[in-house]
Structures are given as C-alpha cells and as structure tokens.
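The file data.txt comes next; it holds compact mmCIF, C-alpha atoms.
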```txt
# COMPACT_ATOMS: atom_id res chain seq x y z
CA MET A 279 89.76 133.49 122.67
CA PRO A 280 92.93 134.97 121.10
CA THR A 281 93.85 133.41 117.76
CA ILE A 282 97.55 134.27 117.82
CA LEU A 283 99.34 132.15 120.42
CA ARG A 284 102.77 130.95 121.41
CA GLY A 285 103.66 127.34 120.77
CA HIS A 286 103.81 126.42 124.46
CA GLN A 287 100.26 127.72 124.95
CA LEU A 288 99.00 125.16 122.44
CA TYR A 289 100.81 122.06 123.68
CA GLY A 290 98.33 119.31 124.46
CA HIS A 291 95.43 121.23 122.93
CA VAL A 292 93.24 120.66 119.89
CA ALA A 293 92.15 123.63 117.78
CA ASP A 294 88.76 123.31 116.10
CA MET A 295 89.49 125.16 112.86
CA ARG A 296 85.83 125.83 112.14
CA THR A 297 85.31 127.82 115.35
CA LEU A 298 88.95 128.72 116.16
CA ARG A 299 88.39 127.44 119.68
CA LEU A 300 90.42 124.97 121.68
CA VAL A 301 88.47 121.81 122.51
CA ASP A 302 89.21 119.01 124.94
CA PHE A 303 89.94 115.41 123.98
CA ASP A 304 86.44 114.10 124.74
CA THR A 305 84.85 116.79 122.56
CA LEU A 306 87.23 115.92 119.74
CA VAL A 307 86.38 112.22 119.99
CA GLY A 308 82.66 112.95 119.96
CA ASN A 309 83.00 115.11 116.86
CA LEU A 310 85.17 112.61 115.02
CA ALA A 311 83.10 109.51 115.82
CA ALA A 312 80.29 110.68 113.56
CA ALA A 313 82.55 110.55 110.48
CA HIS A 314 83.15 107.65 108.12
CA LEU A 315 86.81 108.58 107.67
CA ILE A 316 89.10 110.27 110.16
CA ALA A 317 92.06 111.32 108.02
CA LEU A 318 94.84 111.71 110.57
CA GLY A 319 98.03 113.37 109.30
CA GLU A 320 100.95 112.53 111.53
CA GLU A 321 104.57 113.45 112.00
CA HIS A 322 106.38 110.12 111.89
CA TYR A 323 108.39 108.68 114.76
CA HIS A 324 107.22 111.14 117.42
CA PRO A 325 106.45 109.25 120.66
CA GLU A 326 103.83 111.74 121.88
CA ILE A 327 102.01 111.72 118.55
CA GLN A 328 101.88 107.94 118.28
CA ALA A 329 100.75 107.74 121.93
CA PHE A 330 97.97 110.22 121.08
CA GLU A 331 96.95 108.05 118.10
CA LEU A 332 96.66 105.00 120.33
CA ARG A 333 94.64 106.94 122.89
CA LEU A 334 92.36 108.19 120.11
CA LEU A 335 91.92 104.68 118.69
CA LYS A 336 90.92 103.36 122.10
CA ALA A 337 88.46 106.21 122.68
CA LEU A 338 86.88 105.75 119.26
CA ALA A 339 86.49 102.04 119.97
CA GLN A 340 84.38 102.97 122.96
CA GLN A 341 82.23 105.25 120.80
CA ARG A 342 82.01 102.89 117.80
CA PRO A 343 82.12 99.31 119.12
CA HIS A 344 82.04 96.77 116.28
CA GLN A 345 82.09 99.57 113.67
CA LEU A 346 85.63 100.90 113.83
CA ALA A 347 88.64 100.08 111.66
CA LEU A 348 92.27 101.16 111.52
CA ALA A 349 94.23 101.98 108.36
CA MET A 350 97.97 102.66 108.27
CA GLU A 351 100.38 104.09 105.72
CA PHE A 352 103.18 102.03 107.28
CA LEU A 353 101.39 98.81 106.29
CA GLU A 354 101.75 97.89 102.62
CA ARG A 355 99.09 96.23 100.50
CA ASP A 356 100.98 92.97 100.09
CA ALA A 357 101.11 92.64 103.89
CA GLN A 358 97.32 92.48 104.27
CA GLU A 359 97.24 88.71 104.62
CA THR A 360 99.95 88.83 107.30
CA VAL A 361 98.05 91.53 109.20
CA ASP A 362 94.78 89.59 108.98
CA THR A 363 96.51 86.44 110.20
CA TYR A 364 97.85 88.33 113.21
CA LEU A 365 94.45 89.87 113.97
CA ALA A 366 92.98 86.37 113.94
CA HIS A 367 95.58 85.27 116.55
CA ALA A 368 97.00 82.75 114.07
CA ILE A 369 100.54 84.17 114.40
CA ASP A 370 102.21 85.88 117.33
CA ARG A 371 103.64 89.38 117.59
CA GLU A 372 107.20 88.34 116.83
CA THR A 373 106.16 86.52 113.67
CA LEU A 374 104.15 89.54 112.57
CA LEU A 375 107.07 91.91 113.05
CA THR A 376 109.45 89.56 111.29
CA ARG A 377 107.16 89.22 108.28
CA LEU A 378 106.70 93.00 108.16
CA ASN A 379 110.47 93.48 108.40
CA ALA A 380 109.60 96.03 111.08
CA SER A 381 112.22 98.52 112.20
CA ALA A 382 112.94 99.07 115.87
CA ALA A 383 111.10 102.39 115.68
CA PHE A 384 108.02 100.73 114.17
CA GLN A 385 108.05 98.09 116.87
CA ARG A 386 108.24 100.74 119.57
CA LEU A 387 105.79 103.32 118.21
CA TYR A 388 103.39 101.64 115.77
CA ALA A 389 103.13 98.01 116.83
CA PRO A 390 101.04 99.02 119.89
CA LEU A 391 98.32 100.19 117.47
CA LEU A 392 98.26 96.76 115.84
CA HIS A 393 98.29 95.02 119.21
CA TYR A 394 95.27 97.03 120.32
CA ALA A 395 93.50 96.36 117.01
CA GLN A 396 94.00 92.65 117.65
CA GLN A 397 92.67 92.91 121.21
CA ALA A 398 89.65 94.99 120.18
CA ARG A 399 88.99 92.96 117.01
CA LEU A 400 89.33 95.99 114.73
CA PRO A 401 89.70 95.38 111.00
CA THR A 402 93.01 96.87 109.90
CA ILE A 403 93.78 98.07 106.39
CA ALA A 404 97.28 97.77 104.99
CA MET A 405 96.77 100.63 102.58
CA ASN A 406 100.10 101.67 101.08
CA LEU A 407 101.79 100.71 97.84
CA PRO A 408 104.78 98.41 98.48
CA ARG A 409 107.92 100.53 98.73
CA ARG A 410 109.75 98.29 96.28
CA ILE A 411 107.29 99.38 93.57
CA SER A 412 107.41 103.11 94.35
CA ARG A 413 111.21 102.88 94.44
CA GLN A 414 111.20 101.31 90.98
CA VAL A 415 109.04 104.17 89.68
CA THR A 416 111.57 106.75 90.88
CA GLN A 417 114.35 104.78 89.20
CA THR A 418 112.90 103.77 85.83
CA GLY A 419 109.60 105.66 85.39
CA LEU A 420 105.94 104.81 85.81
CA GLN A 421 105.18 103.30 82.41
CA SER A 422 108.23 101.04 82.53
CA VAL A 423 107.21 99.74 85.94
CA LEU A 424 103.55 99.19 85.01
CA GLN A 425 104.52 97.21 81.93
CA GLY A 426 106.77 94.93 83.96
CA LEU A 427 104.50 94.23 86.93
CA ASN A 428 103.27 90.72 87.55
CA PRO A 429 99.47 90.26 87.95
CA ALA A 430 99.68 90.02 91.75
CA ASP A 431 101.48 93.36 92.09
CA ARG A 432 99.25 95.04 89.50
CA GLY A 433 96.26 93.88 91.50
CA LEU A 434 97.45 95.90 94.48
CA MET A 435 96.67 99.12 92.60
CA PRO A 436 93.49 100.61 91.15
CA PRO A 437 92.49 99.06 87.80
CA SER A 438 93.00 102.42 86.07
CA LEU A 439 95.28 105.28 87.05
CA PRO A 440 94.19 108.90 86.61
CA ALA A 441 96.59 111.55 85.37
CA VAL A 442 98.39 113.48 88.09
CA PRO A 443 96.39 116.68 88.72
CA GLU A 444 98.43 119.86 88.38
CA ARG A 445 97.36 120.87 91.87
CA TYR A 446 98.86 117.67 93.27
CA ARG A 447 102.06 118.05 91.24
CA THR A 448 102.59 121.59 92.56
CA TYR A 449 101.80 120.49 96.12
CA PHE A 450 104.26 117.60 95.95
CA LEU A 451 107.12 119.52 94.34
CA ASP A 452 106.73 122.49 96.69
CA ARG A 453 107.23 120.18 99.64
CA VAL A 454 109.92 117.91 98.27
CA GLN A 455 112.00 120.88 97.14
CA GLU A 456 112.36 121.93 100.78
CA HIS A 457 114.47 118.85 101.50
CA HIS A 458 115.47 117.19 98.22
CA PRO A 459 115.49 119.43 95.13
CA VAL A 460 114.48 117.57 91.95
CA GLU A 461 113.94 118.73 88.39
CA GLY A 462 113.25 117.45 84.91
CA GLU A 463 112.69 113.71 84.49
CA GLN A 464 113.56 113.09 88.13
CA ALA A 465 110.77 115.44 89.24
CA ILE A 466 108.28 113.57 87.03
CA ARG A 467 109.31 110.18 88.41
CA PHE A 468 109.22 111.27 92.05
CA THR A 469 105.81 112.89 91.59
CA ASP A 470 104.44 109.81 89.81
CA ALA A 471 105.71 107.54 92.60
CA SER A 472 104.10 109.70 95.27
CA PHE A 473 100.81 109.93 93.38
CA LEU A 474 100.75 106.17 92.81
CA LYS A 475 101.08 105.67 96.56
CA ASP A 476 98.22 108.09 97.30
CA VAL A 477 95.96 106.62 94.61
CA THR A 478 96.62 103.16 96.04
CA MET A 479 95.90 104.24 99.61
CA ALA A 480 92.68 105.99 98.58
CA ARG A 481 91.62 102.88 96.64
CA ALA A 482 92.29 100.64 99.65
CA LEU A 483 89.97 102.81 101.74
CA ALA A 484 87.33 102.93 99.01
CA LEU A 485 87.31 99.13 98.76
CA PHE A 486 86.82 98.85 102.52
CA PHE A 487 83.90 101.28 102.48
CA GLU A 488 82.28 99.32 99.65
CA GLN A 489 82.11 96.34 102.02
CA HIS A 490 81.60 98.27 105.29
CA PRO A 491 79.64 101.45 104.48
CA HIS A 492 78.71 102.13 108.11
CA HIS A 493 82.16 101.82 109.65
CA THR A 494 84.38 104.60 110.93
CA VAL A 495 87.99 104.29 109.78
CA LEU A 496 90.89 105.95 111.57
CA ALA A 497 93.41 106.30 108.72
CA ILE A 498 96.93 107.28 109.79
CA ALA A 499 99.43 108.60 107.26
CA GLY A 500 102.10 111.25 107.07
CA ARG A 501 100.88 114.81 107.03
CA PHE A 502 101.69 115.23 103.35
CA HIS A 503 99.08 112.60 102.50
CA MET A 504 96.29 114.19 104.56
CA ASP A 505 96.89 117.94 105.04
CA TYR A 506 94.90 120.36 102.87
CA GLY A 507 92.85 117.41 101.56
CA ILE A 508 94.87 117.35 98.33
CA ALA A 509 96.12 113.75 98.39
CA ILE A 510 94.23 110.85 100.01
CA PRO A 511 91.09 112.81 101.01
CA ASP A 512 90.46 114.22 97.51
CA LEU A 513 91.29 110.94 95.79
CA LEU A 514 88.96 108.99 98.07
CA GLN A 515 86.07 111.40 97.63
CA GLN A 516 86.40 111.14 93.86
CA GLN A 517 85.70 107.41 94.27
CA ARG A 518 83.30 107.53 97.22
CA PRO A 519 81.73 111.01 97.34
CA GLN A 520 79.27 109.89 100.01
CA VAL A 521 82.05 109.31 102.56
CA ASN A 522 81.73 111.75 105.45
CA MET A 523 85.24 112.85 106.36
CA ARG A 524 87.03 114.75 109.12
CA ARG A 525 90.65 115.79 108.76
CA LEU A 526 92.83 115.90 111.86
CA THR A 527 96.49 116.86 111.72
CA THR A 528 99.27 116.76 114.28
CA MET A 529 101.60 119.72 114.34
CA THR A 530 104.86 120.21 116.21
CA VAL A 531 105.73 123.77 117.17
CA SER A 532 108.57 125.22 119.20
CA ARG A 533 107.80 126.79 122.55
CA ARG A 534 108.31 130.39 121.48
CA SER A 535 106.99 130.18 117.92
CA THR A 536 103.99 132.32 117.03
CA ILE A 537 100.98 130.40 115.71
CA ASP A 538 98.25 132.28 113.86
CA LEU A 539 95.14 130.09 113.96
CA ARG A 540 93.29 132.33 111.50
CA GLN A 541 96.04 131.85 108.94
CA LEU A 542 95.89 128.07 109.39
CA GLN A 543 92.12 128.28 108.99
CA ALA A 544 92.49 130.26 105.76
CA GLU A 545 94.90 127.64 104.41
CA ASN A 546 92.32 124.89 105.15
CA ILE A 547 95.05 122.64 106.48
CA ALA A 548 92.63 120.47 108.51
CA ASP A 549 89.39 120.46 110.47
CA TYR A 550 91.29 119.94 113.73
CA ILE A 551 94.91 120.45 114.75
CA ARG A 552 96.53 118.78 117.76
CA PHE A 553 99.73 120.57 118.83
CA PHE A 554 102.89 118.95 120.20
CA PRO A 555 106.41 120.02 121.15
CA PRO A 556 109.15 118.84 118.77
CA ALA A 557 110.15 115.19 119.17
CA PRO A 558 113.10 114.50 121.46
CA ARG A 559 116.25 114.16 119.39
CA HIS A 560 116.79 110.52 120.38
CA ALA A 561 113.26 109.61 119.26
CA LEU A 562 114.08 110.46 115.66
CA ALA A 563 116.49 107.56 115.37
CA GLN A 564 114.80 104.85 113.32
```

Full structure transcribed into structure tokens:
Amino acid sequence: MPTILRGHQLYGHVADMRTLRLVDFDTLVGNLAAAHLIALGEEHYHPEIQAFELRLLKALAQQRPHQLALAMEFLERDAQETVDTYLAHAIDRETLLTRLNASAAFQRLYAPLLHYAQQARLPTIAMNLPRRISRQVTQTGLQSVLQGLNPADRGLMPPSLPAVPERYRTYFLDRVQEHHPVEGEQAIRFTDASFLKDVTMARALALFFEQHPHHTVLAIAGRFHMDYGIAIPDLLQQQRPQVNMRRLTTMTVSRRSTIDLRQLQAENIADYIRFFPPAPRHALAQ
C-alpha cells in the first residue's frame, strides 16, 4: 500500500501506524477492546468526529459488556456527582445540562455520549480540572492558587504535584505559540495551568483503575492531551505503569493535502489515526 496519499483518499479510513495499513472499523474496535485505556485525541466541535466517538463507544460496549467506562475532558471533576446522579436516572437530561451549564454545541455533540452511557449503564469519569481553577492559575500563578484553595477544590487534584517536565513545557509552548504567543511569566502560568489539568485528568483515570482494574476506558480529550503520549498518557503510566494503552487520534485533512504516513509514524503521534474532512464552517460555532 502507498504511504503517501491525498487527504480525500484517507477520509473515513483508519491508519494502523504500526503496519502503515488502512484497517476497517471492526478491526479497529477489535484491536482497541483489548486495552485498558483507549486515549482518544479529538478535534473539538466536529460533528463527524463526535459521531465517530459515539459509534466507537457503542461498538466497544458490545465487545466489553459490563467492563467499559467513558471519560471526558469536557466533564469537570466537581461535576462527578451530577453525572453519577444522571446515570442513575435520578435527574433528567435537562437538569443535567443545566447543572453542567452546557453550551448549545455540547448539547448537540457531546450529550449523546452521556445519554448512551446512561442507557448502557457505563461508568463515566468527569476527569478535568474545573475551568475556574485553571483560569485562576493563568491570572495569578500556581502557588497563589494552591495556597488559596478550599479543601474541597484541593481534593479534586492529586495530593502532590510533580514539576513540569521540560519535554511537556516545550510541547505546550510550541503549540500555544501557533495561536496565542506568550512569554515570560505569562508563559509559565499558562504552562502550569495546562499541566495541572493534565495531571488532574491522569489522576482521575488512575483512581478509576485502582477500583476497576479490568475495565476498558474510552477517554476523550483534545488532541493536545493525547497525541504523542506526552500529556495524559505519560502522566497516567507514571502512576499506573501496568495500564495497557492504545492511542487513537482524529485528524482533519483537506482534500488535496499530501499525507505522509511514514512521517506520522516516525513522529509517534498515535497508534491509530482516523481521518476526516475539515468541519463545516457552521459547525464551529459554539
């Protein structure tokens, strides 16, 4: 099979980066179902990508009945009780969305994942740091925020916080500079806020695996948090090295762009890549 392809030739296909072959959906599901963690890096607010995630969740539920869970970046740690109450059918969908302060885009694209989790009785992990805390870190600095946290908010994070690895700092700043150049103290604060989010998400997964060591978790977060294994995957494996992991990323490419699969393999971006056309312009409205 050729390894240099046009974008339109890859639409709807999954590339197995170990073999550089295109595999069908059923083969992908079979390969992923054997893992403890499926680290799915997504492009946010893309209707085809979120539809693919729902399809994947349903297929995995068939492969792993009673041993599958969902984890989502868009759900914050302090919303876990609300999510659990919804999964237990103790509140309805409208109450859930109100308590989550869900945007119209979330309701349209991500709520179906929660609805299916409720139907299929899938544990669901609200894994992210509350945005109000990460926002404070970017404004006043990490140490200032940690000193002022109440016990409930501090309990949402790991008991101890590692230093930001230089590899992570470089990875974060390389990507944020593409859209929002930062430097000096601002760069430190933005990096610390991002790292705190990733440490928190990795800890949420680690806690789940402590209680459910035989489950498979489909964890959905933005590509930054999953690609290359630098953020959540590395941080989780430091805590739970026995977790068997597969990394799947979703990538949008234009029709006529040239995609070199060997180059993507060399970069170790993921174990599998599912390709999509760019999101329709109207879909990007949140």

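With only C-alpha atoms as the atoms that count, the residue of A:Ala544, A:Ile466, A:Ala312, A:Met435 with the shortest distance to Phe450 in chain A is A:Ile466.
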
Who sits within 10 Å of range 366-383 of chain A, all atoms listed in the file, same chain under 3 positions skipped, as a PyMOL selection string: chain A and resi 322-325+352-354+356-357+360-363+386-389+392-393+396-397+399+561-564

Which residues are near Val423 in chain A? Cut-off 12 Å, only C-alpha atoms, ignore same chain within fewer than 6 positions. Put them as a PDB file with C-alpha atoms, in the coordinates of the input.
```pdb
ATOM      1  CA  ARG A 410     109.750  98.290  96.280  1.00  0.00           C
ATOM      2  CA  ILE A 411     107.290  99.380  93.570  1.00  0.00           C
ATOM      3  CA  SER A 412     107.410 103.110  94.350  1.00  0.00           C
ATOM      4  CA  ARG A 413     111.210 102.880  94.440  1.00  0.00           C
ATOM      5  CA  GLN A 414     111.200 101.310  90.980  1.00  0.00           C
ATOM      6  CA  VAL A 415     109.040 104.170  89.680  1.00  0.00           C
ATOM      7  CA  THR A 416     111.570 106.750  90.880  1.00  0.00           C
ATOM      8  CA  GLN A 417     114.350 104.780  89.200  1.00  0.00           C
ATOM      9  CA  ASP A 431     101.480  93.360  92.090  1.00  0.00           C
ATOM     10  CA  ARG A 432      99.250  95.040  89.500  1.00  0.00           C
ATOM     11  CA  ARG A 467     109.310 110.180  88.410  1.00  0.00           C
ATOM     12  CA  ASP A 470     104.440 109.810  89.810  1.00  0.00           C
ATOM     13  CA  ALA A 471     105.710 107.540  92.600  1.00  0.00           C
ATOM     14  CA  LEU A 474     100.750 106.170  92.810  1.00  0.00           C
TER      15      LEU A 474
END
```

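Take the candidates A:Leu332, A:Ala548, A:Leu526, A:Leu420 and check each one against Ser472 in chain A using all atoms listed in the file; the shortest distance goes to A:Leu420.
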
Per residue of range 321-403 of chain A within 6 Å of range 489-506 of chain A, note the shortest atom pair and the distance in Å to one decimal, counting all atoms listed in the file, and order the rows by chain and increasing residue number, as CSV.
```
residue,atom,partner,partner_atom,distance
A:Glu321,CA,A:Gly500,CA,5.9
A:Gln345,CA,A:His493,CA,4.6
A:Leu346,CA,A:Thr494,CA,4.9
A:Ala347,CA,A:Val495,CA,4.7
A:Leu348,CA,A:Leu496,CA,5.0
A:Ala349,CA,A:Ala497,CA,4.4
A:Met350,CA,A:Ile498,CA,5.0
A:Glu351,CA,A:Ala499,CA,4.9
```

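In this structure, CA of Arg518 in chain A sits 19.0 Å away from CA of Tyr446 in chain A.
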
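We find CA of Gln517 in chain A and CA of Asp294 in chain A to be spaced 27.2 Å apart.
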
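Reported to one decimal place, the separation of CA of Arg559 in chain A from CA of Ala329 in chain A is 17.0 Å.
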